[in-house]
>>> print(open('data_10.cif').read())   # mmCIF, C-alpha atoms
data_model
loop_
_atom_site.label_atom_id
_atom_site.label_comp_id
_atom_site.auth_asym_id
_atom_site.auth_seq_id
_atom_site.Cartn_x
_atom_site.Cartn_y
_atom_site.Cartn_z
CA MET A 482 72.64 81.27 91.88
CA THR A 483 75.20 82.66 89.46
CA LYS A 484 78.06 84.56 91.08
CA ARG A 485 79.48 87.58 89.28
CA ILE A 486 83.27 87.66 89.15
CA ALA A 487 85.29 90.77 88.37
CA VAL A 488 88.39 89.91 86.34
CA PHE A 489 91.50 92.12 86.45
CA VAL A 490 94.16 91.80 83.77
CA GLY A 491 97.65 92.94 84.77
CA SER A 492 98.77 93.97 81.27
CA LEU A 493 97.46 96.78 79.09
CA ARG A 494 98.93 95.40 75.86
CA LYS A 495 96.24 94.82 73.23
CA GLU A 496 97.54 91.35 72.34
CA SER A 497 98.34 90.53 75.96
CA PHE A 498 98.55 86.81 76.72
CA ASN A 499 96.86 87.57 80.01
CA ARG A 500 93.92 89.28 78.33
CA LYS A 501 93.60 86.30 75.98
CA MET A 502 93.66 84.02 79.01
CA ALA A 503 91.01 86.09 80.78
CA LYS A 504 88.77 85.76 77.74
CA VAL A 505 89.33 82.02 77.56
CA LEU A 506 88.49 81.67 81.26
CA THR A 507 85.26 83.56 80.65
CA THR A 508 84.20 80.86 78.20
CA LEU A 509 85.49 77.90 80.24
CA ALA A 510 83.95 78.94 83.55
CA PRO A 511 81.03 76.84 84.80
CA GLU A 512 77.53 78.31 84.64
CA SER A 513 77.72 79.13 88.33
CA LEU A 514 80.18 81.94 87.54
CA MET A 515 79.77 84.92 85.25
CA LEU A 516 83.09 86.64 84.51
CA GLU A 517 83.49 90.24 83.43
CA ILE A 518 86.77 92.03 82.72
CA ILE A 519 87.08 95.33 84.60
CA GLU A 520 89.41 97.79 82.90
CA ILE A 521 92.16 99.30 85.07
CA GLY A 522 94.29 101.16 82.51
CA GLY A 523 92.44 104.44 82.96
CA LEU A 524 92.83 104.69 86.75
CA PRO A 525 94.93 107.69 87.80
CA LEU A 526 97.87 106.77 90.06
CA TYR A 527 96.78 106.60 93.69
CA ASN A 528 97.30 109.78 95.70
CA GLN A 529 95.79 109.86 99.18
CA ASP A 530 95.35 113.64 99.03
CA CYS A 531 92.50 113.24 96.53
CA ASP A 532 90.55 111.06 98.98
CA ASP A 533 91.46 113.18 102.01
CA GLU A 534 90.26 116.32 100.24
CA GLY A 535 87.05 114.56 99.17
CA LYS A 536 87.99 114.90 95.51
CA PRO A 537 88.68 111.41 94.20
CA PRO A 538 89.00 111.24 90.40
CA ALA A 539 85.77 110.07 88.74
CA GLU A 540 87.60 106.98 87.46
CA TRP A 541 88.36 105.87 91.03
CA THR A 542 84.77 106.37 92.16
CA GLU A 543 83.40 104.47 89.18
CA PHE A 544 85.93 101.64 89.66
CA ARG A 545 85.13 101.30 93.37
CA LYS A 546 81.41 101.23 92.69
CA GLN A 547 81.87 98.64 89.95
CA VAL A 548 84.03 96.28 92.00
CA ASN A 549 81.70 96.59 94.98
CA SER A 550 78.88 95.13 92.91
CA PHE A 551 80.70 91.83 92.27
CA ASP A 552 80.67 88.62 94.30
CA GLY A 553 84.30 87.66 93.73
CA VAL A 554 87.56 88.68 92.07
CA LEU A 555 89.97 86.94 89.69
CA PHE A 556 93.43 88.28 88.90
CA VAL A 557 95.16 87.25 85.67
CA THR A 558 98.57 88.81 85.57
CA PRO A 559 101.98 88.80 83.95
CA GLU A 560 105.12 89.30 85.98
CA TYR A 561 106.92 92.62 85.58
CA ASN A 562 110.39 92.69 87.10
CA ARG A 563 109.65 89.67 89.34
CA SER A 564 106.58 91.31 90.87
CA VAL A 565 103.08 92.59 90.23
CA PRO A 566 102.82 95.09 87.34
CA GLY A 567 102.45 98.67 88.60
CA VAL A 568 99.19 99.02 86.71
CA LEU A 569 97.59 96.14 88.63
CA LYS A 570 99.02 97.14 92.00
CA ASN A 571 97.66 100.64 91.44
CA ALA A 572 94.18 99.17 90.92
CA LEU A 573 94.53 97.26 94.22
CA ASP A 574 95.64 100.46 95.95
CA VAL A 575 92.79 102.54 94.52
CA GLY A 576 90.22 99.92 95.51
CA SER A 577 91.64 99.63 99.02
CA ARG A 578 90.88 103.24 99.95
CA PRO A 579 89.64 105.51 101.48
CA TYR A 580 90.59 103.95 104.79
CA GLY A 581 87.85 101.66 106.02
CA GLN A 582 86.05 101.57 102.67
CA SER A 583 88.06 98.95 100.79
CA VAL A 584 86.13 97.24 98.01
CA TRP A 585 88.15 94.04 98.38
CA GLY A 586 87.43 92.82 101.90
CA GLY A 587 85.74 89.44 102.10
CA LYS A 588 85.37 88.88 98.36
CA PRO A 589 86.62 85.39 97.46
CA GLY A 590 89.43 85.54 94.92
CA ALA A 591 91.88 83.63 92.78
CA VAL A 592 95.19 84.39 91.12
CA MET A 593 96.56 83.14 87.82
CA SER A 594 99.89 84.28 86.45
CA VAL A 595 100.64 83.92 82.75
CA SER A 596 104.05 84.47 81.24
CA PRO A 597 106.05 83.60 78.13
CA GLY A 598 108.83 82.43 80.46
CA ALA A 599 109.35 79.11 82.17
CA ILE A 600 108.57 80.05 85.76
CA GLY A 601 105.08 81.22 84.85
CA GLY A 602 105.00 84.49 86.76
CA PHE A 603 105.57 82.91 90.16
CA GLY A 604 107.08 86.12 91.56
CA ALA A 605 104.08 88.23 90.60
CA ASN A 606 101.63 85.58 91.74
CA HIS A 607 102.97 85.42 95.28
CA HIS A 608 103.60 89.15 95.70
CA LEU A 609 99.95 89.62 94.77
CA ARG A 610 98.95 86.97 97.30
CA GLN A 611 100.75 88.89 100.04
CA SER A 612 98.59 91.94 99.31
CA LEU A 613 95.45 89.78 99.27
CA VAL A 614 96.22 88.68 102.84
CA PHE A 615 96.11 92.29 104.01
CA LEU A 616 93.09 93.07 101.84
CA ASN A 617 91.21 90.14 103.38
CA VAL A 618 90.46 88.53 100.02
CA PRO A 619 90.11 84.80 100.76
CA ALA A 620 92.40 83.55 97.98
CA MET A 621 91.97 80.05 96.58
CA GLN A 622 95.07 78.03 97.43
CA GLN A 623 94.75 75.04 95.09
CA PRO A 624 95.15 74.54 92.25
CA GLU A 625 97.94 77.09 91.94
CA ALA A 626 98.25 78.52 88.43
CA TYR A 627 101.65 79.49 87.09
CA ILE A 628 101.13 79.35 83.33
CA GLY A 629 104.42 79.45 81.41
CA GLY A 630 105.19 79.29 77.70
CA ALA A 631 102.33 81.67 76.94
CA ALA A 632 103.59 82.50 73.46
CA GLN A 633 102.68 78.97 72.34
CA LEU A 634 99.40 78.80 74.23
CA PHE A 635 96.89 80.45 71.89
CA ASP A 636 95.94 79.99 68.26
CA ALA A 637 95.07 82.85 65.91
CA HIS A 638 91.54 82.98 67.31
CA GLY A 639 92.77 83.20 70.90
CA ASP A 640 91.74 79.63 71.67
CA ILE A 641 93.91 77.31 73.76
CA THR A 642 96.02 75.06 71.52
CA ASN A 643 96.87 72.48 74.15
CA GLU A 644 94.26 70.07 75.51
CA THR A 645 96.10 69.42 78.78
CA THR A 646 96.18 73.15 79.54
CA ARG A 647 92.54 73.47 78.57
CA GLU A 648 91.60 70.73 81.00
CA PHE A 649 93.64 72.37 83.74
CA LEU A 650 91.87 75.68 83.16
CA ILE A 651 88.47 74.01 83.45
CA LYS A 652 89.58 72.34 86.66
CA PHE A 653 90.84 75.70 87.96
CA MET A 654 87.54 77.43 87.24
CA ASP A 655 85.49 74.61 88.74
CA ALA A 656 87.57 74.79 91.90
CA PHE A 657 87.17 78.56 91.96
CA SER A 658 83.40 78.18 91.64
CA ALA A 659 83.36 75.89 94.69
CA TRP A 660 85.66 78.33 96.54
CA VAL A 661 83.38 81.28 95.76
CA ALA A 662 80.32 79.33 96.86
CA LYS A 663 81.99 78.43 100.14
CA ASN A 664 83.54 81.82 100.90
CA SER A 665 80.98 84.23 99.56
CA SER A 666 80.49 87.17 101.92
CA LYS A 667 76.81 86.95 101.06
CA ASN A 668 76.59 83.52 102.69
CA VAL A 669 74.74 83.64 106.00
CA MET B 1358 134.08 112.82 93.04
CA THR B 1359 130.49 113.54 93.99
CA LYS B 1360 128.01 110.86 92.91
CA ARG B 1361 124.55 111.95 91.81
CA ILE B 1362 121.74 109.89 93.34
CA ALA B 1363 118.19 109.80 91.98
CA VAL B 1364 115.66 109.54 94.81
CA PHE B 1365 112.23 108.00 94.23
CA VAL B 1366 109.44 108.59 96.72
CA GLY B 1367 106.69 105.96 96.77
CA SER B 1368 103.89 108.27 97.91
CA LEU B 1369 102.34 111.20 96.05
CA ARG B 1370 100.77 112.76 99.13
CA LYS B 1371 101.96 116.35 99.64
CA GLU B 1372 102.64 115.81 103.36
CA SER B 1373 104.02 112.32 102.79
CA PHE B 1374 106.32 111.05 105.55
CA ASN B 1375 108.42 109.48 102.84
CA ARG B 1376 108.85 112.76 101.01
CA LYS B 1377 109.84 114.42 104.28
CA MET B 1378 112.32 111.62 104.84
CA ALA B 1379 113.73 112.00 101.35
CA LYS B 1380 114.29 115.70 101.99
CA VAL B 1381 115.97 114.98 105.34
CA LEU B 1382 118.27 112.43 103.69
CA THR B 1383 119.24 115.04 101.12
CA THR B 1384 120.55 117.24 103.93
CA LEU B 1385 122.15 114.43 105.97
CA ALA B 1386 124.00 112.78 103.07
CA PRO B 1387 127.78 113.14 103.06
CA GLU B 1388 129.36 115.47 100.51
CA SER B 1389 130.26 112.50 98.35
CA LEU B 1390 126.57 112.14 97.41
CA MET B 1391 124.22 114.65 95.81
CA LEU B 1392 120.58 113.59 96.08
CA GLU B 1393 117.79 114.74 93.81
CA ILE B 1394 114.14 113.70 94.01
CA ILE B 1395 112.80 112.48 90.66
CA GLU B 1396 109.03 112.87 90.34
CA ILE B 1397 107.09 109.77 89.29
CA GLY B 1398 103.47 110.88 89.74
CA GLY B 1399 103.10 112.03 86.16
CA LEU B 1400 104.21 108.80 84.49
CA PRO B 1401 101.40 107.16 82.47
CA LEU B 1402 100.75 103.53 83.42
CA TYR B 1403 103.08 101.20 81.55
CA ASN B 1404 101.70 99.74 78.33
CA GLN B 1405 104.14 97.80 76.17
CA ASP B 1406 102.23 98.71 72.99
CA CYS B 1407 103.49 102.30 73.24
CA ASP B 1408 107.12 101.12 73.16
CA ASP B 1409 106.47 98.47 70.51
CA GLU B 1410 104.82 101.03 68.25
CA GLY B 1411 107.68 103.48 68.83
CA LYS B 1412 105.35 105.95 70.51
CA PRO B 1413 106.33 106.11 74.18
CA PRO B 1414 104.66 108.97 76.08
CA ALA B 1415 106.96 111.99 76.42
CA GLU B 1416 106.90 111.53 80.21
CA TRP B 1417 108.45 108.06 79.88
CA THR B 1418 111.17 109.27 77.54
CA GLU B 1419 112.04 112.18 79.81
CA PHE B 1420 112.05 109.94 82.91
CA ARG B 1421 114.29 107.37 81.27
CA LYS B 1422 116.73 110.03 80.11
CA GLN B 1423 116.77 111.61 83.56
CA VAL B 1424 117.41 108.37 85.47
CA ASN B 1425 120.09 107.36 83.00
CA SER B 1426 122.10 110.43 83.91
CA PHE B 1427 122.44 109.43 87.59
CA ASP B 1428 125.12 107.36 89.31
CA GLY B 1429 122.86 105.60 91.79
CA VAL B 1430 119.28 105.22 93.00
CA LEU B 1431 117.60 105.52 96.41
CA PHE B 1432 114.04 104.37 97.06
CA VAL B 1433 112.09 105.84 99.98
CA THR B 1434 108.73 104.18 100.15
CA PRO B 1435 105.65 103.55 102.22
CA GLU B 1436 103.95 100.17 102.21
CA TYR B 1437 100.60 99.95 100.44
CA ASN B 1438 98.69 96.75 101.15
CA ARG B 1439 101.86 94.93 102.31
CA SER B 1440 103.72 95.67 99.09
CA VAL B 1441 105.23 98.39 96.91
CA PRO B 1442 102.81 101.23 96.01
CA GLY B 1443 101.53 100.92 92.44
CA VAL B 1444 102.90 104.36 91.66
CA LEU B 1445 106.46 103.33 92.51
CA LYS B 1446 106.22 99.92 90.83
CA ASN B 1447 104.98 101.66 87.70
CA ALA B 1448 108.09 103.85 87.69
CA LEU B 1449 110.26 100.73 87.98
CA ASP B 1450 108.34 99.15 85.08
CA VAL B 1451 108.58 102.24 82.87
CA GLY B 1452 112.33 102.52 83.52
CA SER B 1453 112.91 98.84 82.81
CA ARG B 1454 111.74 99.05 79.21
CA PRO B 1455 111.93 98.83 76.20
CA TYR B 1456 113.50 95.39 76.43
CA GLY B 1457 117.27 95.64 76.64
CA GLN B 1458 117.25 99.36 77.43
CA SER B 1459 116.56 99.36 81.17
CA VAL B 1460 117.79 102.46 82.95
CA TRP B 1461 118.34 100.55 86.20
CA GLY B 1462 120.97 97.96 85.37
CA GLY B 1463 124.19 98.29 87.33
CA LYS B 1464 123.26 101.43 89.25
CA PRO B 1465 124.01 100.94 92.96
CA GLY B 1466 120.88 101.40 95.07
CA ALA B 1467 119.39 101.46 98.52
CA VAL B 1468 115.92 101.01 99.97
CA MET B 1469 114.33 102.72 102.95
CA SER B 1470 110.73 102.07 103.96
CA VAL B 1471 108.92 104.58 106.15
CA SER B 1472 105.56 103.93 107.73
CA PRO B 1473 103.37 105.16 110.58
CA GLY B 1474 103.01 101.52 111.62
CA ALA B 1475 105.23 99.37 113.81
CA ILE B 1476 106.70 97.06 111.16
CA GLY B 1477 108.14 99.95 109.20
CA GLY B 1478 107.08 98.92 105.71
CA PHE B 1479 108.97 95.63 105.75
CA GLY B 1480 106.62 94.09 103.17
CA ALA B 1481 107.16 96.89 100.67
CA ASN B 1482 110.89 97.00 101.34
CA HIS B 1483 111.45 93.34 100.48
CA HIS B 1484 109.05 93.19 97.54
CA LEU B 1485 110.99 96.08 96.09
CA ARG B 1486 114.25 94.25 96.74
CA GLN B 1487 112.98 91.27 94.74
CA SER B 1488 112.47 93.53 91.72
CA LEU B 1489 115.93 95.04 92.22
CA VAL B 1490 117.45 91.57 91.88
CA PHE B 1491 115.94 91.20 88.42
CA LEU B 1492 116.76 94.80 87.50
CA ASN B 1493 120.40 94.22 88.44
CA VAL B 1494 120.51 97.12 90.88
CA PRO B 1495 123.19 96.20 93.42
CA ALA B 1496 121.17 96.95 96.57
CA MET B 1497 122.91 97.84 99.81
CA GLN B 1498 122.20 95.09 102.34
CA GLN B 1499 123.19 96.74 105.64
CA PRO B 1500 122.04 98.72 107.42
CA GLU B 1501 118.47 97.74 106.60
CA ALA B 1502 116.01 100.60 107.09
CA TYR B 1503 112.47 99.87 108.25
CA ILE B 1504 111.41 103.18 109.78
CA GLY B 1505 108.23 102.85 111.84
CA GLY B 1506 106.27 105.38 113.89
CA ALA B 1507 106.65 107.97 111.13
CA ALA B 1508 103.86 110.18 112.46
CA GLN B 1509 106.07 111.10 115.43
CA LEU B 1510 109.29 111.42 113.44
CA PHE B 1511 109.18 114.97 112.10
CA ASP B 1512 108.65 118.40 113.66
CA ALA B 1513 106.67 121.18 111.99
CA HIS B 1514 109.70 122.09 109.86
CA GLY B 1515 110.14 118.54 108.62
CA ASP B 1516 113.23 118.00 110.78
CA ILE B 1517 113.87 114.75 112.64
CA THR B 1518 112.75 115.00 116.27
CA ASN B 1519 114.67 112.03 117.54
CA GLU B 1520 118.46 112.09 117.87
CA THR B 1521 118.84 108.30 117.71
CA THR B 1522 116.96 108.18 114.41
CA ARG B 1523 118.98 111.11 113.10
CA GLU B 1524 122.22 109.28 113.90
CA PHE B 1525 120.92 106.14 112.21
CA LEU B 1526 120.05 108.10 109.07
CA ILE B 1527 123.54 109.58 108.92
CA LYS B 1528 125.01 106.10 109.33
CA PHE B 1529 122.71 104.81 106.58
CA MET B 1530 123.78 107.53 104.16
CA ASP B 1531 127.47 107.09 104.97
CA ALA B 1532 127.15 103.38 104.30
CA PHE B 1533 125.32 104.10 101.07
CA SER B 1534 128.08 106.45 99.99
CA ALA B 1535 130.64 103.67 100.50
CA TRP B 1536 128.36 101.24 98.67
CA VAL B 1537 128.00 103.58 95.70
CA ALA B 1538 131.73 104.16 95.55
CA LYS B 1539 132.38 100.43 95.55
CA ASN B 1540 129.65 99.41 93.11
CA SER B 1541 129.55 102.31 90.69
CA SER B 1542 129.16 101.09 87.13
CA LYS B 1543 131.55 103.86 86.17
CA ASN B 1544 134.35 102.22 88.14
CA VAL B 1545 136.90 100.59 85.86
#
>>> encode(input="data_10.cif", output="structure tokens")
Amino acid sequence: MTKRIAVFVGSLRKESFNRKMAKVLTTLAPESLMLEIIEIGGLPLYNQDCDDEGKPPAEWTEFRKQVNSFDGVLFVTPEYNRSVPGVLKNALDVGSRPYGQSVWGGKPGAVMSVSPGAIGGFGANHHLRQSLVFLNVPAMQQPEAYIGGAAQLFDAHGDITNETTREFLIKFMDAFSAWVAKNSSKNV
Amino acid sequence: MTKRIAVFVGSLRKESFNRKMAKVLTTLAPESLMLEIIEIGGLPLYNQDCDDEGKPPAEWTEFRKQVNSFDGVLFVTPEYNRSVPGVLKNALDVGSRPYGQSVWGGKPGAVMSVSPGAIGGFGANHHLRQSLVFLNVPAMQQPEAYIGGAAQLFDAHGDITNETTREFLIKFMDAFSAWVAKNSSKNV
């Protein structure tokens, strides 16, 4: 059965390398996975008072409902200042609350960092992984994906220019499919 | 000469322990420091397009101008999902751009994490420190400040209930004052 995967992109830039990558992954994923990008740029900054007072912004409620409906989660993120972009961390925070109602728990996940630089967003990738431990998102360990040199990665149509990278991405998505199948919270 | 310190609180909750702590630190700081809380809850999520198109939101421009005018920075933050709250990371991201115009570089800083839990926000504290490396904020190393048990820390007036903690906070601020004096970018 096809598993539905929510994809979160850590950059709001229109021509974001990470958004391009997310789109590419959507096309390279095996038939067992159906990927859908969930927008996070419209989520108000997390403030616990809104939940405590029973007045969460409509965008939070919609986001939580949306994510809840998926079978797994995939994060495709740049590194901002050696860590996770605030915009993506805010989405994690919003989805993690109210207390006891996190949308993340038990959903199998994977992390890919994409960066124009040489170290491929390693800092963001592993800071995100630390949060996923707490959020109880079983995160695929291998293959790790620190994609550097992103400025040379896509052609004018947003396709991958480099066959080796393309093969790696297929391998990554195949491994993620197996990971999702094994760790799905819907498995009995 | 008195140094002006911008204080950033990582929680937007009205009754936030971290906000209470920031206010306490304002009163316990030596005369050599003048602390002022800078609000970060109204900053739109960072999107590089706005800077690239020369149309940064007014809130970003105001924030950047404000922070630029200070001599040092102090972060008082809870831990959200074992890392820095999205709201605080977003403020770091907004202040770090446009490229080459970061407001953070060279400003001496300190980090205090405050949490109801036992590990005192260690995860947030050190993720934040990783960003401060990149942002070239000379961050005070000792004393470290992982303040746990925050729910028992304040009385109804927001004052510290515990004399040992109060003494530690004074020591922390005195050390920070010396750190700022030594590392001020305005030193010649």
>>> residues_around(input="data_10.cif", residues="range 1376-1389 of chain B", least_positions_apart="5", cutoff="8 Å", atoms="all atoms listed in the file", output="ChimeraX atom specification")
/B:1358-1360,1364,1366,1368,1371,1394,1433,1471,1511,1515-1517,1526-1527,1530-1531,1534
>>> interface_residues(input="data_10.cif", of="chain B", to="chain A", cutoff="12 Å", atoms="all atoms listed in the file", output="ChimeraX atom specification")
/B:1367-1373,1397-1410,1436-1454,1456,1459,1461-1462,1480-1481,1483-1494
>>> closest_residue(input="data_10.cif", among="B:Glu1501, B:Thr1521, B:Lys1539, B:Pro1455", to="Lys1412 in chain B", atoms="all atoms listed in the file")
B:Pro1455
>>> atom_distance(input="data_10.cif", atom1="CA of Gly1466 in chain B", atom2="CA of Ala1507 in chain B")
22.4 Å
>>> resolve_selection(input="data_10.cif", expression="the PyMOL selection byres ((chain A and resi 599) around 9)", output="list of chain:residue names")
A:Ser596, A:Pro597, A:Gly598, A:Ile600, A:Gly601, A:Gly602, A:Ile628, A:Gly629, A:Gly630
>>> write_last_selection(input="data_10.cif", atoms="C-alpha atoms", output="PDB file, in the frame of the given file")
ATOM      1  CA  SER A 596     104.050  84.470  81.240  1.00  0.00           C
ATOM      2  CA  PRO A 597     106.050  83.600  78.130  1.00  0.00           C
ATOM      3  CA  GLY A 598     108.830  82.430  80.460  1.00  0.00           C
ATOM      4  CA  ILE A 600     108.570  80.050  85.760  1.00  0.00           C
ATOM      5  CA  GLY A 601     105.080  81.220  84.850  1.00  0.00           C
ATOM      6  CA  GLY A 602     105.000  84.490  86.760  1.00  0.00           C
ATOM      7  CA  ILE A 628     101.130  79.350  83.330  1.00  0.00           C
ATOM      8  CA  GLY A 629     104.420  79.450  81.410  1.00  0.00           C
ATOM      9  CA  GLY A 630     105.190  79.290  77.700  1.00  0.00           C
TER      10      GLY A 630
END
>>> resolve_selection(input="data_10.cif", expression="the PyMOL selection byres ((chain A and resi 549) around 10)", output="VMD selection string")
chain A and resid 487 543 to 548 550 to 553 576 583 to 586 588
>>> resolve_selection(input="data_10.cif", expression="the PyMOL selection byres ((chain A and resi 556) around 7)", output="JSON, numbers by chain")
{"A": [488, 489, 490, 554, 555, 557, 558, 591, 592, 593]}
>>> atom_distance(input="data_10.cif", atom1="CA of Gln582 in chain A", atom2="CA of Trp541 in chain A")
12.6 Å
